[in-house]
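**Student:** Just dropping this structure here.
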Amino acid sequence: MEPLSPNTEVRLTVSQCFRTLTTSTNIKDITDALQTLLCYLDETPGSTTPSVQRAEFRRAHYTRTLQLLINNIQADWLHSLTADQRTGLWDSLFLHGPPEQALLVLMEGIGQLRPSTNLDHLVSITEKFLQSGRLADLLWLYCQAAPSDSPQLRETLLGRIVALPDLTANRLHPNNRPLFLPQQYYPLLATEMLSALERTCQALRGGTDCSLTFVAQTLGKACVQGHSDLLLAVMAPRLSVCTHSDMVWQRVCWKLLENVPQRWMEAVLTGLVQAVSGPDALGRIIGNLVLRNKKAQFVITHKLLLLQYKYETKVLRTILGYLAADRERRPLLVQVLRCVCQAWANPSAVKHTPLEQQLYVSKALLLSVNLLNNSELQELRSELLQCMLGGMQSHLDSGVVRIRHMGMVVGECLSSRMDINGTKLKFEYENDEETQELLSLMTSVAGDEPEPEPEIQVGSPKEVNEVTPSTVSSQNKSGPQPLKTDPDSDLDSDDELTPYDMSGDQEFSQTSPPRYLRDCLETLISSEDATRVELSLRVAESLVRKNVFAAREISVQLTKVLLHMEDKYSINCFLSYRQATMVALAVTDSIPVTQYLTTEFYSLNYSLRQRLDILEVLALAAQELSKPITERSDPSIGAAASSDLTPHAGDNPAHWRQVVEKRIQSKTKRLSKGATQPPAKATPNRYAPVAGHFFFPLLRNYDKPQVTFDLLGSDHLVLGRLLHTLGLFMHLAVNAPIAAQMGRSLLDFVWALRYHVDQMVRRGVLFAVCSVFLGMPSKNLLVDLSDQLFETRSWLSDVAEGDPDADCRSLAVQSLVLLDKSLKKQLQDSQALSVES
């Protein structure tokens with residue numbers, strides 16, 4: 001009889017063991033069968049099982065063996081085994097065989113079993129599988145000669161490895177194990193991948209070829225599923241250290257990233273540029289990948305710089321520094337700079353992109369320019385000059401202050417870098433954190449900062465010898481200085497007396513301020529004396545508020561003088577004095593002054609600054625008039641005058657009642673949780689009767705372009721401020737009889753501007769809509785605007801979802817909330833009336 005072939009012998013032995021495990025109740029027979037199956041996994045040099053049989057078992061029978069064990073996990077014989085026998089025989093079959101087959105069977109078993117002790121046992125084996133380094137064995141298996149498995153099987157295995165936390169969470173929740181949580185699993189997976197890469201490096205040094213395709217696929221799939229931060233936080237620092245001086249590691253990293261599938265390349269690179277410590281580390285890890293891979297080049301040179309803007313400045317430094325670090329990659333830096341210049345100088349981008357993206361592009365522009373050498377700078381000189389001039393014009397035309405500041409800072413930095421004819425631009429702007437960060441981008445990060453000069457010690461000879469008369473005068477002006485006496489001095493003893501504190505003294509002037517308002521007006525019109533003009537301007541507001549009847553006689557004339565007045569003498573606080581006086585005039589004599597100001601707003605030969613001054617004065621006056629009248633005095637008297645003329649508390653007959661009431665309230669203990677104070681009573685104000693005079697004249701002639709003024713054309717800043725002012729007038733007119741008419745008119749006015757290109761104008765439109773919903777009564781809102789509410793709501797929803805400006809989105813959401821509250825309140829009131837009737 002011919003001997004059996006190794007494959008046939010293994011098949012017969014495995015079949016006999018399967019029959020024993022499924023039918024026998026003898027523990028000894030069962031342990032012998034398990035031991036026989038385990039012998040096929042023994043890889044020790046002294047193993048008695050031939051290697052051919054072991055290979056055949058692994059290839060054809062291992063998966064069936066594990067499936068049989070899981071299907072019979074409820075058998076009585078398994079519970080009859082001791083703990084050592086279960087660990088040494090049953091568990092070992094899962095932990096010592098081919099890792100890819102074991103992982104697939106374990107995940108399949110966890111998905112099939114119901115919550116029970118058997119499921120807990122299988123989960124514990126999976127934990128041991130991960131903790132014993134079997135994932136590294138699995139990855140290393142695929143790094144060697146590619147296994148002869150099907151693409152479908154490899155794709156399934158890849159999905160199980162990457163999605164293991166999701167699979168276990170769906171099955172084990174809420175009793176999931178800590179090791180299966182993403183915070184622990186993905187760092188473990190990263191460690192196992194590094195172990196497989198280390199084995200690959202050792203094999204390459206020994207002359208053995210390896211494949212990194214499966215490891216690259218695992219990395220790409222994990223990153224595209226959103227776990228790049230957990231993975232690369234472990235891998236990037238280690239790869240940076242290993243590639244610092246080891247060319248084999250560099251080759252392995254370059255090959256790893258080249259093998260990442262194209263559809264996952266963006267996720268890997270995006271996570272990598274955030275995880276590496278700098279451009280040098282990125283260059284060592286990815287090499288010249290941007291030159292060989294079109295997808296990587298698109299992500300690095302375009303998408304991360306121009307299409308996405310959520311990353312920190314560190315990422316920009318890393319990307320641009322990586323492009324500038326190698327001679328072969330520097331042409332890409334020039335290409336990037338050209339694209340960034342076009343994006344920064346594009347007027348449409350300034351109007352339609354979010355402010356955060358414009359700031360991001362500005363940072364990229366400054367960093368790119370700072371990395372150019374002299375020859376590249378000369379080559380791009382004309383393009384940079386065109387970018388600077390066009391981009392500054394687009395930014396300075398914006399109505400948003402931050403965008404204008406951005407244009408100023410970038411213009412200064414570009415002119416300083418190009419050094420055009422030795423001239424440098426210089427603007428005046430607020431030096432906040434944003435502008436400081438932009439300015440800091442023109443300085444190198446490492447090693448280029450000058451050392452600070454040593455500080456001069458107080459009392460050193462250098463400090464004493466360099467004291468100048470200007471220093472002495474400045475010290476005297478700053479306040480009294482302690483007298484330093486010298487024991488060898490021959491000065492008189494009177495010099496040791498402490499001088500008087502004269503820091504609060506004012507300079508004496510022979511010119512006295514005017515006491516009459518007409519004298520003040522004559523001085524402002526005809527006087528050429530700077531001192532008299534300054535004194536008249538200082539006291540003008542107080543004279544207007546104290547002399548109401550005199551102010552009404554010349555209110556329009558004085559307003560006209562102040563509106564056209566220029567700061568010829570460089571008076572301190574000139575603008576604040578001028579504005580405060582015009583506000584006082586508008587409050588004191590509201591109708592004539594507002595008629596004059598609103599008429600002049602659309603007149604010829606006024607600068608944009610004067611038109612903005614008109615809007616500011618009207619807004620401040622309306623706010624002051626809208627304050628409740630609490631004093632029992634003439635309503636025409638201004639708020640400041642009323643406060644100045646408030647009688648003494650003892651003269652008020654109701655004063656003692658208020659004192660007693662306050663004492664009673666402070667001493668009384670109340671047990672109820674309701675309101676202890678009576679509801680606030682409605683109080684009149686001085687704005688409601690004149691609200692129409694502030695509001696309606698500003699709605700005239702807005703669509704008629706003048707010679708020096710085009711409200712619906714290029715003057716976006718004034719249009720945005722006008723919308724905010726009209727919205728403020730509407731908000732202050734709440735509960736006024738004219739509020740409903742104002743709301744209808746304002747909504748009709750802003751409806752044509754709701755899709756304006758300038759974000760400042762869109763903010764004004766949305767603020768006005770909010771004011772309409774706040775100021776109009778709910779009944780009028782539903783009755784008078786019923787035809788427009790549906791379309792308005794749809795428009796607000798679109799803005800809240802898709803407007804590029806964050807403030808516009810926020811205002812749209814607030815408007816929707818206010819509209820819903822108003823409609824809900826009106827419906828509730830209607831239902832209450834119907835129930836009562």
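In the structure tokens, each chain is lettered A, B, ... as it comes, each chain's residues begin at 1, and ligands are numbered from 1 in order of appearance.
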So that I can see what lies close to Gly109 in chain A, please list as a PyMOL selection string the residues with an atom at most 10 Å from it, counting only C-alpha atoms and leaving out residues fewer than 6 positions away in the same chain.
**Tutor:** chain A and resi 66-67+70-71+103+119+122-123
**Student:** Taking the chain letters and numbering used in this document, name the residues of range 103-244 of chain A that DSSP puts in alpha helix (DSSP H), as an MDAnalysis selection string.
**Tutor:** chainID A and resid 103:112 117:131 134:143 151:162 164:172 182:205 213:222 228:242
**Student:** Kindly save the residues from that selection, with C-alpha atoms included, as an mmCIF file, in the first residue's frame.
**Tutor:**
```cif
data_model
loop_
_atom_site.group_PDB
_atom_site.id
_atom_site.type_symbol
_atom_site.label_atom_id
_atom_site.label_comp_id
_atom_site.auth_asym_id
_atom_site.auth_seq_id
_atom_site.Cartn_x
_atom_site.Cartn_y
_atom_site.Cartn_z
ATOM 1 C CA LEU A 103 -8.232 38.287 13.261
ATOM 2 C CA LEU A 104 -10.916 37.708 10.652
ATOM 3 C CA VAL A 105 -12.389 34.740 12.562
ATOM 4 C CA LEU A 106 -12.291 36.604 15.877
ATOM 5 C CA MET A 107 -14.094 39.637 14.450
ATOM 6 C CA GLU A 108 -16.646 37.364 12.785
ATOM 7 C CA GLY A 109 -17.235 35.544 16.051
ATOM 8 C CA ILE A 110 -17.681 38.769 18.015
ATOM 9 C CA GLY A 111 -20.263 39.844 15.457
ATOM 10 C CA GLN A 112 -22.203 36.576 15.722
ATOM 11 C CA THR A 117 -19.771 34.773 29.049
ATOM 12 C CA ASN A 118 -18.698 33.160 25.788
ATOM 13 C CA LEU A 119 -18.608 36.559 24.068
ATOM 14 C CA ASP A 120 -16.537 37.966 26.940
ATOM 15 C CA HIS A 121 -14.125 35.050 26.490
ATOM 16 C CA LEU A 122 -13.740 35.786 22.779
ATOM 17 C CA VAL A 123 -13.245 39.504 23.475
ATOM 18 C CA SER A 124 -10.517 38.657 25.988
ATOM 19 C CA ILE A 125 -8.720 36.564 23.354
ATOM 20 C CA THR A 126 -8.943 39.521 20.932
ATOM 21 C CA GLU A 127 -7.375 41.746 23.596
ATOM 22 C CA LYS A 128 -4.515 39.269 24.019
ATOM 23 C CA PHE A 129 -4.151 39.151 20.232
ATOM 24 C CA LEU A 130 -3.609 42.916 20.104
ATOM 25 C CA GLN A 131 -1.416 43.118 23.205
ATOM 26 C CA ARG A 134 0.105 40.008 16.510
ATOM 27 C CA LEU A 135 -0.856 43.107 14.500
ATOM 28 C CA ALA A 136 2.833 43.778 13.858
ATOM 29 C CA ASP A 137 3.216 40.127 12.780
ATOM 30 C CA LEU A 138 0.271 40.551 10.426
ATOM 31 C CA LEU A 139 1.694 43.718 8.833
ATOM 32 C CA TRP A 140 5.167 42.196 8.584
ATOM 33 C CA LEU A 141 3.667 39.135 6.880
ATOM 34 C CA TYR A 142 2.385 41.386 4.099
ATOM 35 C CA CYS A 143 5.705 43.269 3.979
ATOM 36 C CA PRO A 151 -7.984 41.263 -3.456
ATOM 37 C CA GLN A 152 -11.399 40.843 -1.848
ATOM 38 C CA LEU A 153 -9.893 39.064 1.161
ATOM 39 C CA ARG A 154 -7.206 41.720 1.523
ATOM 40 C CA GLU A 155 -9.807 44.487 1.352
ATOM 41 C CA THR A 156 -11.877 42.752 4.022
ATOM 42 C CA LEU A 157 -8.851 42.346 6.265
ATOM 43 C CA LEU A 158 -7.940 46.002 5.771
ATOM 44 C CA GLY A 159 -11.427 47.068 6.780
ATOM 45 C CA ARG A 160 -11.344 44.905 9.920
ATOM 46 C CA ILE A 161 -7.988 46.334 11.042
ATOM 47 C CA VAL A 162 -8.898 49.967 10.504
ATOM 48 C CA LEU A 164 -11.958 47.524 14.708
ATOM 49 C CA PRO A 165 -12.994 50.197 17.287
ATOM 50 C CA ASP A 166 -16.219 50.861 15.391
ATOM 51 C CA LEU A 167 -17.046 47.186 14.999
ATOM 52 C CA THR A 168 -16.469 46.368 18.650
ATOM 53 C CA ALA A 169 -18.299 49.491 19.835
ATOM 54 C CA ASN A 170 -21.380 48.591 17.817
ATOM 55 C CA ARG A 171 -21.362 45.087 19.270
ATOM 56 C CA LEU A 172 -20.159 45.553 22.849
ATOM 57 C CA PRO A 182 -9.947 54.895 19.401
ATOM 58 C CA GLN A 183 -7.757 56.760 21.918
ATOM 59 C CA GLN A 184 -5.906 53.534 22.724
ATOM 60 C CA TYR A 185 -6.319 51.405 19.605
ATOM 61 C CA TYR A 186 -4.950 53.768 16.956
ATOM 62 C CA PRO A 187 -1.767 54.658 18.887
ATOM 63 C CA LEU A 188 -1.306 50.877 19.298
ATOM 64 C CA LEU A 189 -1.821 50.412 15.551
ATOM 65 C CA ALA A 190 0.751 53.156 14.902
ATOM 66 C CA THR A 191 3.255 51.390 17.156
ATOM 67 C CA GLU A 192 2.679 48.099 15.335
ATOM 68 C CA MET A 193 3.165 49.809 11.978
ATOM 69 C CA LEU A 194 6.464 51.279 13.195
ATOM 70 C CA SER A 195 7.514 47.793 14.309
ATOM 71 C CA ALA A 196 6.744 46.430 10.837
ATOM 72 C CA LEU A 197 8.746 49.270 9.258
ATOM 73 C CA GLU A 198 11.663 48.515 11.582
ATOM 74 C CA ARG A 199 11.657 44.870 10.467
ATOM 75 C CA THR A 200 11.530 46.083 6.866
ATOM 76 C CA CYS A 201 14.636 48.224 7.394
ATOM 77 C CA GLN A 202 16.477 45.270 8.897
ATOM 78 C CA ALA A 203 15.461 43.043 5.987
ATOM 79 C CA LEU A 204 16.620 45.617 3.446
ATOM 80 C CA ARG A 205 19.983 45.871 5.158
ATOM 81 C CA THR A 213 1.796 48.317 -0.122
ATOM 82 C CA PHE A 214 -0.388 46.864 2.640
ATOM 83 C CA VAL A 215 1.108 49.080 5.366
ATOM 84 C CA ALA A 216 0.575 52.128 3.133
ATOM 85 C CA GLN A 217 -3.028 51.078 2.523
ATOM 86 C CA THR A 218 -3.573 50.651 6.262
ATOM 87 C CA LEU A 219 -2.139 54.104 6.924
ATOM 88 C CA GLY A 220 -4.207 55.726 4.189
ATOM 89 C CA LYS A 221 -7.485 54.085 5.150
ATOM 90 C CA ALA A 222 -7.066 54.969 8.839
ATOM 91 C CA SER A 228 -4.757 60.741 11.331
ATOM 92 C CA ASP A 229 -4.170 62.815 14.471
ATOM 93 C CA LEU A 230 -3.988 59.730 16.727
ATOM 94 C CA LEU A 231 -1.875 57.733 14.292
ATOM 95 C CA LEU A 232 0.597 60.386 13.209
ATOM 96 C CA ALA A 233 1.019 61.813 16.689
ATOM 97 C CA VAL A 234 2.876 58.567 17.406
ATOM 98 C CA MET A 235 4.422 57.908 14.005
ATOM 99 C CA ALA A 236 5.641 61.360 12.937
ATOM 100 C CA PRO A 237 8.051 62.021 15.858
ATOM 101 C CA ARG A 238 9.491 58.509 15.585
ATOM 102 C CA LEU A 239 9.923 58.742 11.806
ATOM 103 C CA SER A 240 11.540 62.163 12.184
ATOM 104 C CA VAL A 241 14.140 60.747 14.577
ATOM 105 C CA CYS A 242 14.790 57.597 12.548
#
```
**Student:** Of the candidates A:Ala281, A:Leu337, A:Leu289, A:Ala736, which one gets nearest to Lys255 in chain A if we count only C-alpha atoms?
**Tutor:**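 Among the listed residues, the smallest separation from Lys255 in chain A belongs to A:Leu289.
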**Student:** Contacts of range 552-556 of chain A at 6 Å or less, counting only C-alpha atoms, minus same-chain residues fewer than 4 places along, as a list in words?
**Tutor:**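 So, after excluding close chain neighbours, the residues are Leu585, Asp589 and Val593 of chain A.
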**Student:** So the first atom is CA of Leu723 in chain A and the second is CA of Val783 in chain A; what is the distance between them in Å, to one decimal place?
**Tutor:** 24.4 Å
**Student:** If we count only C-alpha atoms, what is near Val299 in chain A at a cut-off of 10 Å, once residues fewer than 6 positions away on the same chain are taken out, given as a list in words?
**Tutor:**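 The contact residues come out as Met265, Glu266, Ala267, Leu269, Thr270, Val290, Leu305, Leu306 and Leu307 of chain A.
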**Student:** Choose the residue, out of A:Phe180, A:Phe767, A:Trp90, A:Phe427, that has the smallest atom-to-atom separation from Leu38 in chain A; count only C-alpha atoms.
**Tutor:**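 The answer is A:Trp90, which sits nearest to Leu38 in chain A.
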**Student:** Which residues are near range 691-707 of chain A? Cut-off 8 Å, only C-alpha atoms, ignore same chain within fewer than 6 positions. Put them as a tab-separated table (two decimals) with C-alpha atoms, in the first residue's frame.
**Tutor:**
```tsv
chain	number	residue	atom	x	y	z
A	591	ILE	CA	-36.50	118.54	14.13
A	594	THR	CA	-32.16	116.49	11.83
A	595	GLN	CA	-33.84	118.01	8.77
A	598	THR	CA	-30.49	114.36	6.62
A	599	THR	CA	-30.78	116.81	3.71
A	601	PHE	CA	-26.31	113.72	3.67
A	602	TYR	CA	-27.30	113.46	-0.02
A	603	SER	CA	-25.99	116.89	-1.04
A	604	LEU	CA	-23.06	117.59	-3.35
A	605	ASN	CA	-19.44	118.29	-2.44
A	618	LEU	CA	-27.82	111.19	14.21
A	622	ALA	CA	-31.32	109.14	18.75
A	713	GLY	CA	-22.03	101.97	-6.52
A	726	LEU	CA	-31.41	102.91	9.98
A	729	PHE	CA	-33.40	104.03	14.46
A	730	MET	CA	-35.82	101.14	13.98
A	733	ALA	CA	-38.52	103.15	17.97
A	738	ILE	CA	-44.72	104.95	13.85
A	742	MET	CA	-40.81	102.36	9.70
A	749	PHE	CA	-35.34	99.31	1.29
```
**Student:** Would you mind listing what lies within 10 Å of range 350-366 of chain A as JSON, numbers by chain, with only C-alpha atoms counted and same-chain residues fewer than 5 positions away left out?
**Tutor:** {"A": [305, 306, 307, 308, 309, 310, 311, 312, 313, 316, 317, 319, 320, 336, 337, 338, 339, 340, 341, 343, 344, 345, 371, 391, 394, 395, 397, 398, 399, 400, 402, 403, 406, 407, 409, 410, 411, 413, 414, 417, 434, 437, 438, 439, 440, 441, 442, 443, 756, 757, 758, 759, 760, 803, 804, 805, 806, 807]}
**Student:** Using only C-alpha atoms, find each residue in range 27-65 of chain A having at least one atom no more than 10 Å away from range 76-79 of chain A; report its shortest atom-to-atom pair and that distance in Å (one decimal), rows by chain then rising number, as a Markdown table.
**Tutor:**
```
| residue | atom | partner | partner_atom | distance |
| --- | --- | --- | --- | --- |
| A:Ile27 | CA | A:Trp77 | CA | 6.5 |
| A:Ile30 | CA | A:Trp77 | CA | 7.7 |
| A:Thr31 | CA | A:Trp77 | CA | 9.5 |
```
**Student:** What is the CA of Ser745 in chain A-CA of Thr588 in chain A distance in Å, reported with one decimal?
**Tutor:**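 Value for the CA of Ser745 in chain A-CA of Thr588 in chain A distance: 27.1 Å.
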**Student:** Skipping near chain neighbours, those fewer than 6 positions away, what residues fall within 10 Å of Val765 in chain A using only C-alpha atoms, listed as a list in words?
**Tutor:**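 In the requested form, the answer reads Leu719, Gly720, Leu722, Leu723, His724, Leu726, Gly727, Leu746, Leu747, Phe749, Val750, Trp751, Ala752, Leu753, Arg754, Tyr755, His756, Gln759, Ser771, Cys808, Leu811 and Ala812 of chain A.
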**Student:** Would you save the residues from that selection as a compact mmCIF listing (two decimals), in the first residue's frame, using N, CA and C atoms?
**Tutor:**
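Just written: result.txt:
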```txt
# COMPACT_ATOMS: atom_id res chain seq x y z
N LEU A 719 -22.72 103.00 2.60
CA LEU A 719 -23.97 102.24 2.53
C LEU A 719 -24.12 101.30 3.71
N GLY A 720 -23.05 100.61 4.08
CA GLY A 720 -23.13 99.73 5.25
C GLY A 720 -23.42 100.49 6.53
N LEU A 722 -24.97 103.39 6.71
CA LEU A 722 -26.35 103.87 6.63
C LEU A 722 -27.33 102.78 7.05
N LEU A 723 -27.10 101.56 6.60
CA LEU A 723 -28.00 100.46 6.98
C LEU A 723 -27.97 100.21 8.48
N HIS A 724 -26.77 100.24 9.08
CA HIS A 724 -26.69 100.07 10.52
C HIS A 724 -27.41 101.20 11.26
N LEU A 726 -29.96 103.09 10.13
CA LEU A 726 -31.41 102.91 9.98
C LEU A 726 -31.92 101.77 10.87
N GLY A 727 -31.13 100.70 10.97
CA GLY A 727 -31.52 99.63 11.87
C GLY A 727 -31.56 100.07 13.32
N LEU A 746 -38.33 100.05 5.92
CA LEU A 746 -36.96 99.57 6.02
C LEU A 746 -36.80 98.21 5.35
N LEU A 747 -37.79 97.33 5.51
CA LEU A 747 -37.70 96.02 4.88
C LEU A 747 -37.75 96.14 3.35
N PHE A 749 -36.60 98.70 1.70
CA PHE A 749 -35.34 99.31 1.29
C PHE A 749 -34.22 98.27 1.23
N VAL A 750 -34.13 97.42 2.25
CA VAL A 750 -33.00 96.49 2.33
C VAL A 750 -33.21 95.25 1.45
N TRP A 751 -34.44 95.04 0.96
CA TRP A 751 -34.70 93.82 0.21
C TRP A 751 -33.87 93.76 -1.07
N ALA A 752 -33.66 94.90 -1.69
CA ALA A 752 -32.88 94.92 -2.93
C ALA A 752 -31.38 94.76 -2.68
N LEU A 753 -30.94 94.87 -1.43
CA LEU A 753 -29.51 94.82 -1.11
C LEU A 753 -29.12 93.52 -0.42
N ARG A 754 -30.02 92.56 -0.36
CA ARG A 754 -29.76 91.38 0.47
C ARG A 754 -28.65 90.49 -0.11
N TYR A 755 -28.36 90.61 -1.42
CA TYR A 755 -27.29 89.81 -2.03
C TYR A 755 -26.11 90.68 -2.44
N HIS A 756 -25.87 91.75 -1.69
CA HIS A 756 -24.78 92.67 -2.03
C HIS A 756 -23.44 91.95 -1.91
N GLN A 759 -19.45 92.41 2.32
CA GLN A 759 -19.95 91.78 3.54
C GLN A 759 -20.41 92.81 4.57
N SER A 771 -33.60 94.36 13.49
CA SER A 771 -34.25 95.50 14.13
C SER A 771 -35.74 95.56 13.79
N CYS A 808 -22.39 87.47 9.33
CA CYS A 808 -23.65 87.41 8.58
C CYS A 808 -24.42 86.14 8.93
N LEU A 811 -25.98 86.72 12.40
CA LEU A 811 -27.12 87.63 12.36
C LEU A 811 -28.33 86.97 11.71
N ALA A 812 -28.10 86.14 10.69
CA ALA A 812 -29.22 85.45 10.06
C ALA A 812 -29.90 84.49 11.04
```
**Student:** Suppose you want the space between CA of Leu827 in chain A and CA of Ala740 in chain A; what is it in Å?
**Tutor:**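 A separation of 18.4 Å between them.
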